[in-house]
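One file, structure.cif, carrying mmCIF, C-alpha atoms:
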```cif
data_run
#
loop_
_atom_site.label_atom_id
_atom_site.label_comp_id
_atom_site.auth_asym_id
_atom_site.auth_seq_id
_atom_site.Cartn_x
_atom_site.Cartn_y
_atom_site.Cartn_z
CA MET A 28 100.18 105.94 130.90
CA PRO A 29 99.24 104.16 127.65
CA LEU A 30 101.81 104.13 124.90
CA ILE A 31 99.60 106.04 122.51
CA ARG A 32 96.32 107.88 123.02
CA LEU A 33 93.73 107.62 120.29
CA ASP A 34 90.99 110.21 120.16
CA GLU A 35 87.56 109.43 118.81
CA LEU A 36 85.59 111.93 116.80
CA THR A 37 83.63 114.38 118.94
CA VAL A 38 82.34 117.35 116.94
CA ARG A 39 82.61 117.78 113.19
CA PRO A 40 83.02 121.26 111.70
CA LYS A 41 80.16 122.50 109.56
CA THR A 42 82.46 122.69 106.54
CA PRO A 43 84.65 119.59 106.15
CA PRO A 44 88.35 120.54 105.98
CA SER A 45 90.02 120.29 102.60
CA GLY A 46 93.58 120.20 101.38
CA PHE A 47 96.58 117.91 101.39
CA ALA A 48 97.67 116.62 104.80
CA LEU A 49 100.00 113.69 104.02
CA PHE A 50 102.89 115.31 105.91
CA ALA A 51 100.91 116.70 108.84
CA LEU A 52 101.94 113.91 111.25
CA GLY A 53 104.31 110.95 111.15
CA PHE A 54 101.80 108.14 110.76
CA ARG A 55 100.43 109.52 107.49
CA PRO A 56 103.34 109.13 105.02
CA PHE A 57 104.95 106.15 106.73
CA TYR A 58 101.78 104.05 106.99
CA LEU A 59 101.01 104.80 103.36
CA LEU A 60 104.54 103.94 102.22
CA ALA A 61 104.72 100.80 104.37
CA ALA A 62 101.41 99.43 103.07
CA ALA A 63 102.33 100.18 99.44
CA PHE A 64 105.72 98.56 99.94
CA ALA A 65 104.13 95.47 101.54
CA ALA A 66 101.77 95.15 98.59
CA LEU A 67 104.69 95.29 96.11
CA ALA A 68 107.76 93.80 97.79
CA VAL A 69 106.36 90.36 98.60
CA PRO A 70 105.15 89.67 95.03
CA ILE A 71 108.55 90.89 93.80
CA TRP A 72 110.25 88.41 96.13
CA LEU A 73 107.94 85.63 94.91
CA ALA A 74 108.87 86.46 91.32
CA GLN A 75 112.54 86.21 92.28
CA PHE A 76 111.92 82.90 94.05
CA THR A 77 110.25 81.39 90.99
CA GLY A 78 112.90 82.73 88.61
CA ALA A 79 110.53 85.08 86.83
CA LEU A 80 112.55 88.08 88.00
CA ALA A 81 116.26 88.52 88.56
CA SER A 82 117.57 89.07 92.08
CA PRO A 83 118.48 92.63 93.13
CA ALA A 84 121.92 93.41 91.76
CA PRO A 85 123.92 93.63 95.00
CA PHE A 86 122.07 90.99 97.05
CA VAL A 87 121.05 87.36 97.31
CA ALA A 88 117.27 87.39 96.84
CA LEU A 89 116.56 85.82 100.25
CA HIS A 90 118.74 88.38 102.01
CA TRP A 91 117.02 91.25 100.20
CA HIS A 92 113.61 89.87 101.14
CA ALA A 93 114.51 89.46 104.82
CA HIS A 94 116.12 92.91 104.98
CA GLU A 95 113.26 94.75 103.33
CA MET A 96 110.56 93.16 105.48
CA VAL A 97 112.28 94.52 108.58
CA PHE A 98 114.20 97.63 107.47
CA GLY A 99 111.70 98.61 104.77
CA PHE A 100 108.21 97.59 105.86
CA ALA A 101 108.40 97.25 109.66
CA VAL A 102 110.74 100.18 110.27
CA ALA A 103 108.49 102.56 108.33
CA VAL A 104 105.53 101.64 110.54
CA ILE A 105 107.62 101.84 113.72
CA VAL A 106 108.89 105.33 112.89
CA GLY A 107 105.44 106.57 111.87
CA PHE A 108 103.96 105.13 115.05
CA LEU A 109 106.67 106.56 117.33
CA PHE A 110 106.49 110.04 115.78
CA THR A 111 102.73 110.04 116.34
CA ALA A 112 103.01 108.61 119.85
CA GLY A 113 105.86 110.96 120.72
CA GLN A 114 103.66 113.97 120.10
CA ASN A 115 101.04 112.53 122.44
CA TRP A 116 103.57 111.64 125.15
CA THR A 117 105.18 115.07 125.21
CA GLY A 118 102.70 117.59 123.86
CA LEU A 119 105.51 118.77 121.57
CA PRO A 120 105.47 118.53 117.77
CA THR A 121 107.37 115.71 116.12
CA PRO A 122 108.59 116.17 112.51
CA ASN A 123 105.96 117.41 110.07
CA GLY A 124 105.94 119.36 106.85
CA TRP A 125 109.30 119.52 105.05
CA PRO A 126 111.32 117.68 107.73
CA LEU A 127 108.86 114.79 107.61
CA THR A 128 108.87 114.87 103.81
CA ALA A 129 112.67 114.66 103.83
CA LEU A 130 112.63 111.64 106.19
CA ALA A 131 110.03 109.87 104.04
CA ALA A 132 112.13 110.59 100.94
CA LEU A 133 115.20 109.20 102.70
CA TRP A 134 113.33 105.98 103.48
CA LEU A 135 112.17 105.74 99.85
CA LEU A 136 115.70 106.38 98.55
CA GLY A 137 116.88 103.46 100.66
CA ARG A 138 114.30 101.13 99.14
CA VAL A 139 115.28 102.05 95.58
CA ALA A 140 119.00 101.77 96.33
CA MET A 141 118.60 98.40 98.02
CA TYR A 142 117.14 97.05 94.79
CA ALA A 143 119.19 98.75 92.14
CA ALA A 144 122.36 100.43 93.43
CA PRO A 145 125.91 99.02 93.88
CA PRO A 146 126.68 97.72 97.39
CA ALA A 147 128.45 100.80 98.76
CA VAL A 148 125.81 103.15 97.32
CA ALA A 149 122.99 100.96 98.69
CA ALA A 150 124.55 101.10 102.15
CA ALA A 151 125.11 104.87 101.95
CA CYS A 152 121.47 105.46 100.98
CA ASP A 153 119.89 102.93 103.35
CA LEU A 154 121.83 103.43 106.59
CA PRO A 155 121.10 107.11 107.46
CA PHE A 156 117.34 106.74 107.90
CA LEU A 157 117.21 105.10 111.33
CA PRO A 158 119.80 107.41 112.99
CA ALA A 159 117.99 110.42 111.51
CA ALA A 160 114.64 109.19 112.84
CA ALA A 161 116.18 108.42 116.25
CA PHE A 162 117.67 111.92 116.42
CA ALA A 163 114.38 113.57 115.50
CA LEU A 164 112.42 111.57 118.08
CA GLY A 165 115.13 111.86 120.74
CA LYS A 166 115.16 115.66 120.49
CA VAL A 167 111.46 115.78 121.35
CA LEU A 168 111.67 113.27 124.19
CA TRP A 169 114.72 115.02 125.65
CA ARG A 170 113.03 118.44 125.62
CA ALA A 171 110.00 116.96 127.39
CA LYS A 172 112.15 114.83 129.76
CA SER A 173 110.00 111.84 128.79
CA GLN A 174 112.41 109.35 130.38
CA ARG A 175 109.89 106.49 130.34
CA ASN A 176 110.08 106.46 126.55
CA TYR A 177 113.84 106.89 125.99
CA PHE A 178 113.97 103.17 125.23
CA THR A 179 112.31 103.85 121.87
CA VAL A 180 115.31 105.91 120.76
CA ALA A 181 117.64 103.15 121.94
CA LEU A 182 115.61 100.66 119.91
CA LEU A 183 115.89 102.75 116.73
CA LEU A 184 119.64 103.05 117.23
CA ALA A 185 119.95 99.30 117.89
CA LEU A 186 118.06 98.61 114.68
CA GLY A 187 120.37 101.04 112.89
CA ALA A 188 123.37 99.12 114.22
CA ALA A 189 121.82 95.83 113.08
CA ASN A 190 121.29 97.34 109.63
CA ALA A 191 124.97 98.32 109.48
CA LEU A 192 125.94 94.76 110.45
CA PHE A 193 123.71 93.42 107.67
CA HIS A 194 125.40 95.55 105.03
CA ALA A 195 128.84 94.70 106.37
CA SER A 196 128.12 90.96 106.38
CA THR A 197 126.36 90.95 103.01
CA HIS A 198 129.20 92.67 101.18
CA GLY A 199 132.01 90.74 102.85
CA TRP A 200 133.11 93.57 105.14
CA LEU A 201 132.34 91.42 108.19
CA ALA A 202 132.51 87.65 108.69
CA ALA A 203 128.90 86.98 109.68
CA ASP A 204 125.84 85.30 108.19
CA PRO A 205 123.49 88.04 106.88
CA LEU A 206 120.46 85.87 107.62
CA GLU A 207 121.50 85.48 111.26
CA VAL A 208 121.93 89.25 111.45
CA MET A 209 118.38 89.62 110.16
CA HIS A 210 117.11 87.18 112.79
CA GLY A 211 118.69 89.48 115.36
CA ALA A 212 117.00 92.52 113.83
CA LEU A 213 113.63 90.77 113.77
CA ALA A 214 114.17 89.78 117.41
CA LEU A 215 114.53 93.48 118.28
CA VAL A 216 111.25 94.23 116.52
CA ILE A 217 109.52 91.35 118.31
CA MET A 218 110.70 92.71 121.65
CA LEU A 219 109.12 96.06 120.77
CA VAL A 220 105.98 94.19 119.71
CA THR A 221 105.60 92.39 123.03
CA ILE A 222 106.33 95.53 125.07
CA ILE A 223 103.85 97.65 123.12
CA ALA A 224 101.24 94.89 123.05
CA GLY A 225 101.38 94.66 126.83
CA ARG A 226 100.51 98.34 127.05
CA ILE A 227 97.88 98.73 124.37
CA VAL A 228 96.04 95.43 123.84
CA PRO A 229 94.53 95.11 127.34
CA SER A 230 93.86 98.85 127.64
CA PHE A 231 92.19 99.10 124.22
CA THR A 232 90.07 96.06 125.09
CA ALA A 233 89.02 97.46 128.48
CA ASN A 234 88.19 100.86 126.97
CA ALA A 235 86.11 99.43 124.12
CA LEU A 236 84.32 96.63 126.00
CA LYS A 237 83.02 98.16 129.21
CA GLY A 238 82.98 95.70 132.08
CA VAL A 239 85.19 93.12 130.35
CA ARG A 240 87.02 90.88 132.81
CA GLN A 241 90.80 90.89 132.57
CA PHE A 242 93.74 89.58 134.54
CA GLN A 243 96.94 91.64 134.74
CA ASN A 244 100.06 91.01 136.80
CA ASP A 245 103.20 93.14 136.60
CA GLN A 246 105.52 90.30 137.59
CA LEU A 247 104.01 88.03 134.94
CA ASN A 248 104.48 90.73 132.29
CA ILE A 249 108.11 91.29 133.26
CA CYS A 250 108.87 87.56 133.27
CA ALA A 251 107.13 87.02 129.91
CA ILE A 252 109.12 89.82 128.30
CA ALA A 253 112.39 88.73 129.94
CA PHE A 254 112.07 85.06 128.93
CA THR A 255 111.01 86.06 125.40
CA GLY A 256 114.11 88.23 125.06
CA SER A 257 116.28 85.47 126.48
CA ALA A 258 114.88 82.86 124.10
CA LEU A 259 115.38 85.12 121.10
CA ALA A 260 118.92 86.01 122.16
CA LEU A 261 119.80 82.35 122.69
CA ALA A 262 118.39 81.44 119.28
CA VAL A 263 120.24 84.23 117.49
CA GLY A 264 123.43 83.38 119.37
CA ALA A 265 123.20 79.68 118.44
CA ALA A 266 123.29 78.65 122.11
CA SER A 267 122.69 75.15 123.43
CA PRO A 268 119.57 73.68 121.75
CA ALA A 269 118.23 72.38 125.07
CA LEU A 270 118.72 75.75 126.77
CA THR A 271 117.13 77.64 123.87
CA ALA A 272 114.15 75.26 123.76
CA THR A 273 113.64 75.50 127.53
CA ALA A 274 113.69 79.31 127.51
CA ALA A 275 111.37 79.44 124.47
CA LEU A 276 108.81 77.07 126.00
CA ILE A 277 108.77 78.97 129.30
CA ALA A 278 108.38 82.22 127.36
CA ALA A 279 105.53 80.71 125.30
CA ALA A 280 103.72 79.58 128.45
CA LEU A 281 104.11 82.97 130.12
CA GLN A 282 102.99 84.82 126.99
CA ALA A 283 100.00 82.50 126.65
CA VAL A 284 98.90 83.16 130.23
CA ARG A 285 99.46 86.87 129.72
CA SER A 286 97.45 86.84 126.50
CA TRP A 287 94.60 84.82 128.01
CA GLY A 288 94.42 87.29 130.88
CA TRP A 289 93.53 90.02 128.40
CA ASN A 290 90.35 88.06 127.56
CA PRO A 291 90.74 87.65 123.78
CA TRP A 292 87.46 85.69 123.50
CA ALA A 293 85.51 88.80 124.51
CA THR A 294 86.78 90.56 121.37
CA ARG A 295 85.51 87.96 118.87
CA ARG A 296 82.83 90.33 117.53
CA THR A 297 85.13 93.36 117.41
CA PRO A 298 87.63 93.08 114.52
CA LEU A 299 89.60 96.16 115.57
CA LEU A 300 90.41 94.33 118.80
CA TRP A 301 90.70 90.68 117.79
CA ILE A 302 93.33 91.48 115.17
CA LEU A 303 95.58 92.76 117.99
CA HIS A 304 94.91 89.76 120.23
CA LEU A 305 95.50 87.35 117.36
CA GLY A 306 98.73 89.14 116.46
CA HIS A 307 99.99 88.62 119.99
CA LEU A 308 98.94 84.96 119.95
CA TRP A 309 101.23 84.48 116.94
CA LEU A 310 104.05 85.35 119.31
CA VAL A 311 103.15 82.28 121.37
CA VAL A 312 103.11 80.15 118.22
CA GLY A 313 106.50 81.52 117.19
CA LEU A 314 108.05 80.72 120.57
CA VAL A 315 106.77 77.14 120.48
CA LEU A 316 108.18 76.73 116.96
CA LEU A 317 111.44 78.32 118.11
CA ALA A 318 111.74 75.59 120.75
CA LEU A 319 110.93 72.84 118.24
CA GLY A 320 113.27 74.33 115.66
CA SER A 321 116.17 74.54 118.08
CA LEU A 322 115.73 70.81 118.71
CA HIS A 323 115.63 70.21 114.91
CA LEU A 324 112.06 68.87 115.08
CA VAL A 325 110.79 71.45 112.55
CA PRO A 326 112.61 73.83 110.18
CA ALA A 327 114.00 76.78 112.16
CA SER A 328 112.64 79.23 109.58
CA LEU A 329 109.05 78.51 110.62
CA ALA A 330 109.48 80.30 113.93
CA TRP A 331 110.89 83.43 112.28
CA HIS A 332 108.01 83.48 109.79
CA ALA A 333 105.51 83.11 112.65
CA PHE A 334 107.15 86.12 114.29
CA GLY A 335 107.37 88.20 111.12
CA VAL A 336 104.37 87.24 108.99
CA GLY A 337 102.08 86.57 111.96
CA ALA A 338 102.95 88.50 115.12
CA MET A 339 104.73 91.56 113.71
CA SER A 340 102.50 91.97 110.66
CA GLY A 341 99.24 91.23 112.49
CA LEU A 342 99.89 93.85 115.14
CA ILE A 343 101.11 96.27 112.47
CA LEU A 344 97.94 95.93 110.41
CA GLY A 345 95.77 96.30 113.50
CA MET A 346 97.65 99.38 114.68
CA ILE A 347 97.90 101.17 111.34
CA THR A 348 94.16 100.74 111.03
CA ARG A 349 93.39 101.97 114.52
CA THR A 350 95.76 104.93 114.57
CA ALA A 351 94.70 106.02 111.10
CA LEU A 352 91.07 106.08 112.23
CA GLY A 353 91.73 107.76 115.57
CA HIS A 354 94.15 110.36 114.29
CA THR A 355 92.03 111.37 111.31
CA GLY A 356 89.10 112.08 113.63
CA ARG A 357 87.01 109.00 112.84
CA LEU A 358 85.21 106.51 115.04
CA LEU A 359 87.26 103.49 116.07
CA SER A 360 85.28 100.90 114.16
CA ALA A 361 86.46 98.41 111.53
CA GLY A 362 84.16 97.59 108.62
CA HIS A 363 84.00 94.78 106.07
CA VAL A 364 87.15 95.85 104.20
CA GLU A 365 89.23 95.79 107.36
CA THR A 366 87.76 92.46 108.47
CA VAL A 367 88.60 90.85 105.13
CA ALA A 368 92.13 92.30 105.29
CA TYR A 369 92.65 90.96 108.83
CA THR A 370 91.37 87.54 107.79
CA LEU A 371 93.57 87.40 104.69
CA LEU A 372 96.69 88.37 106.60
CA ASN A 373 96.18 85.69 109.24
CA ALA A 374 95.25 83.09 106.63
CA GLY A 375 98.41 83.93 104.73
CA ALA A 376 100.48 83.63 107.91
CA ALA A 377 98.93 80.24 108.75
CA ILE A 378 99.56 78.89 105.25
CA ARG A 379 103.14 80.23 105.23
CA VAL A 380 103.99 78.75 108.63
CA PHE A 381 102.09 75.45 108.60
CA GLY A 382 101.90 74.73 104.85
CA PRO A 383 105.46 73.35 104.63
CA LEU A 384 104.72 71.02 107.54
CA LEU A 385 101.36 69.74 106.34
CA TRP A 386 102.07 69.58 102.59
CA PRO A 387 105.82 69.55 101.82
CA ALA A 388 105.23 68.60 98.18
CA GLY A 389 103.09 71.69 97.64
CA TYR A 390 105.59 74.14 99.09
CA SER A 391 105.73 76.46 96.08
CA LEU A 392 101.95 76.60 95.72
CA ALA A 393 101.47 77.22 99.44
CA LEU A 394 104.10 79.96 99.31
CA GLY A 395 102.30 81.69 96.45
CA VAL A 396 98.89 81.49 98.12
CA ALA A 397 100.28 82.69 101.44
CA MET A 398 102.06 85.66 99.90
CA GLY A 399 99.01 86.51 97.80
CA CYS A 400 96.79 86.60 100.90
CA TRP A 401 99.30 88.66 102.89
CA SER A 402 99.92 91.26 100.20
CA THR A 403 96.23 91.56 99.32
CA ALA A 404 95.55 92.51 102.93
CA PHE A 405 97.72 95.58 102.46
CA VAL A 406 96.20 96.36 99.07
CA LEU A 407 92.83 96.51 100.83
CA TYR A 408 94.33 98.77 103.46
CA LEU A 409 95.59 101.13 100.76
CA ILE A 410 92.20 101.24 99.02
CA ARG A 411 90.43 102.05 102.26
CA TYR A 412 92.95 104.29 104.00
CA ALA A 413 94.99 106.14 101.36
CA PRO A 414 92.22 108.76 100.98
CA LEU A 415 92.11 109.21 104.76
CA LEU A 416 95.87 109.59 105.09
CA VAL A 417 96.23 112.35 102.49
CA ARG A 418 93.25 114.45 103.68
CA PRO A 419 93.01 116.63 106.82
CA ARG A 420 91.27 115.34 109.94
CA ILE A 421 87.51 115.55 109.51
CA ASP A 422 87.10 117.16 112.94
CA GLY A 423 89.28 120.10 111.92
CA ARG A 424 92.01 119.42 114.50
CA PRO A 425 95.70 119.51 113.54
CA GLY A 426 97.61 116.28 112.85
#
```
Would you mind writing the file out in C-alpha cells?
Amino acid sequence: MPLIRLDELTVRPKTPPSGFALFALGFRPFYLLAAAFAALAVPIWLAQFTGALASPAPFVALHWHAHEMVFGFAVAVIVGFLFTAGQNWTGLPTPNGWPLTALAALWLLGRVAMYAAPPAVAAACDLPFLPAAAFALGKVLWRAKSQRNYFTVALLLALGAANALFHASTHGWLAADPLEVMHGALALVIMLVTIIAGRIVPSFTANALKGVRQFQNDQLNICAIAFTGSALALAVGAASPALTATAALIAAALQAVRSWGWNPWATRRTPLLWILHLGHLWLVVGLVLLALGSLHLVPASLAWHAFGVGAMSGLILGMITRTALGHTGRLLSAGHVETVAYTLLNAGAAIRVFGPLLWPAGYSLALGVAMGCWSTAFVLYLIRYAPLLVRPRIDGRPG
C-alpha cells in the first residue's frame, strides 16, 4: 500500500465550486504556512548573520535558525502530509474545520513565541503542538487499526521529545549542546524522508511513466534504511570517527544503489518526478559528507546542510507541489513556475553545501545567494499554490 494516494482530476462539475476551503484538509493550512515561513525565516536568519537584525531575544541566532527549520518549517509539512495521508489510509476524517484551525494557530503561536517571548513562555507556546498533532493523528489510526502506520505517531512524539530537549538545553535546564540536539531532530526527519521516499518515489515514477524499468529489493531497502539510521545515530552520539565514517559510506552506497534502481534518468523530462529523485540523491551526498566530516576532512556542518537544505527541502517541495495538485482535483503536471522553483532550490542547496569548500573567501556572498535561491523557490510556490490551497477542489469532492 502506498503511503499516500493522489487522485487525478476525472470529471469537473458544470459550476466550479466556490468558497473558502483552507481548513478542509490538513495539507492546506500547513503547506501554506510552511511555505510562507520558509520564504521569511531564512532571510531573517541571514539578516541576523550579517548583523542587520538582532537575534531573537531568548536564543542564539544559530540555534533559532536550526530549530525553526525543523520544528517550524519541516514539522508543519510533516503534520499536513500525515493528516492528509491518514485520511486516505483509514477512510476516516482527520482534523478539519475548527480543530484544524486551532492546530494551525498553535503552530503559529509557537513561531511568534520562539522569536519574541521569554524562554519559559516560548517553551510553553512551542512544545504543545507536536503532542497535540500526534494525539489527533493517533486517534484516527487507532480507530481504523492502521497498525502499519503507527510509526508516524511515534515519530511525532519523538520529535516532540527532541523539541523539549532543545528548550531544556538552550535555557540551561539540561547540560547538552542545543546544536547537537538539533542534529538529532534533523536525523529523525531524515529517517522519515528515506522511509517515505522508498514508498512513493518508485511508485510515483512507475505510475507516471508506463513501462519504465526499475529495480527494487526489500533487503536492500531495509539495509539502506538501517545503515542510514546507524550512521546518523553514531554522528549525533559523537561515536568513533572511523566507525561513523564506515557506517555513513556503506549507507551512502546502499542508498545510491537503491536510488539508481528507481531509474531517475527516466524522469529527466518530468519535473514533478525528478525533484523527488534529486531530493533523495541529496541524501547520498549528505552521507558521503557525513563520513568526510567525521574524519575532519570537511566541516561537519556541510553534511547537515546537505540533509536539510537538499534532501529534506527537495522532497518537501516536490511533495507539497504534488499533493496540492492531486488533492485539489488537478492534473499531476508541473509547469514553468514549479520547474524554476525546483531548480532554484537545488541550486541554493548546491551553493550552500559546496560554496564554502570551493570558495572559502566568498563564504558570506555564497551564503546570501544560496539563501536567496532557496527562499525564492518557496515564494514561487506561494504565488502558484496559495490560490489553490484556499479554494475548494475543482472537481467538487470534499477535502
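Between atom CA of A:Ile378 and atom CA of A:Val336 there is a distance of 10.3 Å.
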Contacts of stretch 214-223 of chain A at 10 Å or less, counting all atoms listed in the file, minus same-chain residues fewer than 4 places along, as a short mmCIF file (atom, residue, chain, number, x, y, z; two decimals) with C-alpha atoms, in the frame of the given file?
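Result file is around03.cif:
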```cif
data_model
loop_
_atom_site.label_atom_id
_atom_site.label_comp_id
_atom_site.auth_asym_id
_atom_site.auth_seq_id
_atom_site.Cartn_x
_atom_site.Cartn_y
_atom_site.Cartn_z
CA PRO A 29 99.24 104.16 127.65
CA LEU A 30 101.81 104.13 124.90
CA ILE A 31 99.60 106.04 122.51
CA VAL A 97 112.28 94.52 108.58
CA ALA A 101 108.40 97.25 109.66
CA VAL A 102 110.74 100.18 110.27
CA ILE A 105 107.62 101.84 113.72
CA PHE A 178 113.97 103.17 125.23
CA THR A 179 112.31 103.85 121.87
CA LEU A 182 115.61 100.66 119.91
CA LEU A 183 115.89 102.75 116.73
CA ALA A 185 119.95 99.30 117.89
CA LEU A 186 118.06 98.61 114.68
CA ALA A 189 121.82 95.83 113.08
CA VAL A 208 121.93 89.25 111.45
CA MET A 209 118.38 89.62 110.16
CA HIS A 210 117.11 87.18 112.79
CA ILE A 227 97.88 98.73 124.37
CA VAL A 228 96.04 95.43 123.84
CA ASN A 248 104.48 90.73 132.29
CA ILE A 249 108.11 91.29 133.26
CA ALA A 251 107.13 87.02 129.91
CA ILE A 252 109.12 89.82 128.30
CA ALA A 253 112.39 88.73 129.94
CA THR A 255 111.01 86.06 125.40
CA GLY A 256 114.11 88.23 125.06
CA ALA A 258 114.88 82.86 124.10
CA LEU A 259 115.38 85.12 121.10
CA ALA A 260 118.92 86.01 122.16
CA ALA A 262 118.39 81.44 119.28
CA VAL A 263 120.24 84.23 117.49
CA GLN A 282 102.99 84.82 126.99
CA GLY A 306 98.73 89.14 116.46
CA HIS A 307 99.99 88.62 119.99
CA LEU A 310 104.05 85.35 119.31
CA TRP A 331 110.89 83.43 112.28
CA PHE A 334 107.15 86.12 114.29
CA GLY A 335 107.37 88.20 111.12
CA ALA A 338 102.95 88.50 115.12
CA MET A 339 104.73 91.56 113.71
CA SER A 340 102.50 91.97 110.66
CA LEU A 342 99.89 93.85 115.14
CA ILE A 343 101.11 96.27 112.47
#
```
Which polymer residues have any atom within 10 Å of an atom of A:Ile71, counting only C-alpha atoms, with same-chain residues fewer than 5 positions away left out, as a list of chain:residue names?
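The residues satisfying every condition are A:Ala66, A:Phe76, A:Ala79, A:Leu80, A:Ala81, A:Ser82, A:Ala88, A:His92.
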Of the candidates A:Leu52, A:Ala333, A:Ala280, A:Leu352, which one gets nearest to A:Val312 if we count all atoms listed in the file?
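Once distances to A:Val312 are computed over all atoms listed in the file, the minimum belongs to A:Ala333.
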Nearest to A:Trp169, chosen from A:Ala151, A:Leu60, A:Leu119, A:Ala51, with only C-alpha atoms counted in the distances
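That would be A:Leu119, the residue with the smallest distance to A:Trp169.
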Using all atoms listed in the file, the shortest atom-to-atom distance to A:Ala361 among A:Leu247, A:Leu49, A:Leu300, A:Leu261 belongs to A:Leu300
So that I can check the surroundings of A:Ala327, please list as a PDB file with C-alpha atoms, in the coordinates of the input every protein, DNA and RNA residue that reaches within 8 Å of it, counting all atoms listed in the file and ignoring chain neighbours fewer than 6 positions away.
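Printed below is out.pdb as written:
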```pdb
ATOM      1  CA  LEU A 316     108.180  76.730 116.960  1.00  0.00           C
ATOM      2  CA  LEU A 317     111.440  78.320 118.110  1.00  0.00           C
ATOM      3  CA  LEU A 319     110.930  72.840 118.240  1.00  0.00           C
ATOM      4  CA  GLY A 320     113.270  74.330 115.660  1.00  0.00           C
ATOM      5  CA  SER A 321     116.170  74.540 118.080  1.00  0.00           C
TER       6      SER A 321
END
```
Please evaluate the PyMOL selection byres ((chain A and resi 195) around 12) against the displayed coordinates and give the resulting residues as a list in words.
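What the PyMOL selection byres ((chain A and resi 195) around 12) grabs from the file is Pro146, Ala147, Ala149, Ala150, Ala151, Leu154, Ala188, Ala189, Asn190, Ala191, Leu192, Phe193, His194, Ser196, Thr197, His198, Gly199, Trp200, Leu201, Ala202, Ala203, Asp204, Pro205 and Val208 of chain A.
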Kindly indicate which residue among A:Arg226, A:Lys166, A:His332, A:Arg295 lies nearest to A:Phe381, using all atoms listed in the file for the distances.
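Among the listed residues, the smallest separation from A:Phe381 belongs to A:His332.
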Output check: residues returned by the PyMOL selection byres ((chain A and resi 168) around 10), as a PDB file with C-alpha atoms, in the coordinates of the input:
```pdb
ATOM      1  CA  GLY A 113     105.860 110.960 120.720  1.00  0.00           C
ATOM      2  CA  GLN A 114     103.660 113.970 120.100  1.00  0.00           C
ATOM      3  CA  TRP A 116     103.570 111.640 125.150  1.00  0.00           C
ATOM      4  CA  THR A 117     105.180 115.070 125.210  1.00  0.00           C
ATOM      5  CA  GLY A 118     102.700 117.590 123.860  1.00  0.00           C
ATOM      6  CA  LEU A 119     105.510 118.770 121.570  1.00  0.00           C
ATOM      7  CA  THR A 121     107.370 115.710 116.120  1.00  0.00           C
ATOM      8  CA  PHE A 162     117.670 111.920 116.420  1.00  0.00           C
ATOM      9  CA  ALA A 163     114.380 113.570 115.500  1.00  0.00           C
ATOM     10  CA  LEU A 164     112.420 111.570 118.080  1.00  0.00           C
ATOM     11  CA  GLY A 165     115.130 111.860 120.740  1.00  0.00           C
ATOM     12  CA  LYS A 166     115.160 115.660 120.490  1.00  0.00           C
ATOM     13  CA  VAL A 167     111.460 115.780 121.350  1.00  0.00           C
ATOM     14  CA  TRP A 169     114.720 115.020 125.650  1.00  0.00           C
ATOM     15  CA  ARG A 170     113.030 118.440 125.620  1.00  0.00           C
ATOM     16  CA  ALA A 171     110.000 116.960 127.390  1.00  0.00           C
ATOM     17  CA  LYS A 172     112.150 114.830 129.760  1.00  0.00           C
ATOM     18  CA  SER A 173     110.000 111.840 128.790  1.00  0.00           C
ATOM     19  CA  GLN A 174     112.410 109.350 130.380  1.00  0.00           C
ATOM     20  CA  ARG A 175     109.890 106.490 130.340  1.00  0.00           C
ATOM     21  CA  ASN A 176     110.080 106.460 126.550  1.00  0.00           C
ATOM     22  CA  TYR A 177     113.840 106.890 125.990  1.00  0.00           C
ATOM     23  CA  THR A 179     112.310 103.850 121.870  1.00  0.00           C
ATOM     24  CA  VAL A 180     115.310 105.910 120.760  1.00  0.00           C
TER      25      VAL A 180
END
```
For each of A:Ala293, A:Ala275, A:Leu281, A:Ala140, take the minimum atom-to-atom distance to A:Gly313, counting only C-alpha atoms, then give the residue where this is smallest.
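Between A:Ala293, A:Ala275, A:Leu281, A:Ala140, the residue approaching A:Gly313 most closely is A:Ala275.
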Using all atoms listed in the file, can you tell me which of A:Arg240, A:Ala129, A:Ile410, A:Met346 comes closest to A:Ala224?
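Residue with the minimum atom-to-atom distance to A:Ala224: A:Met346.
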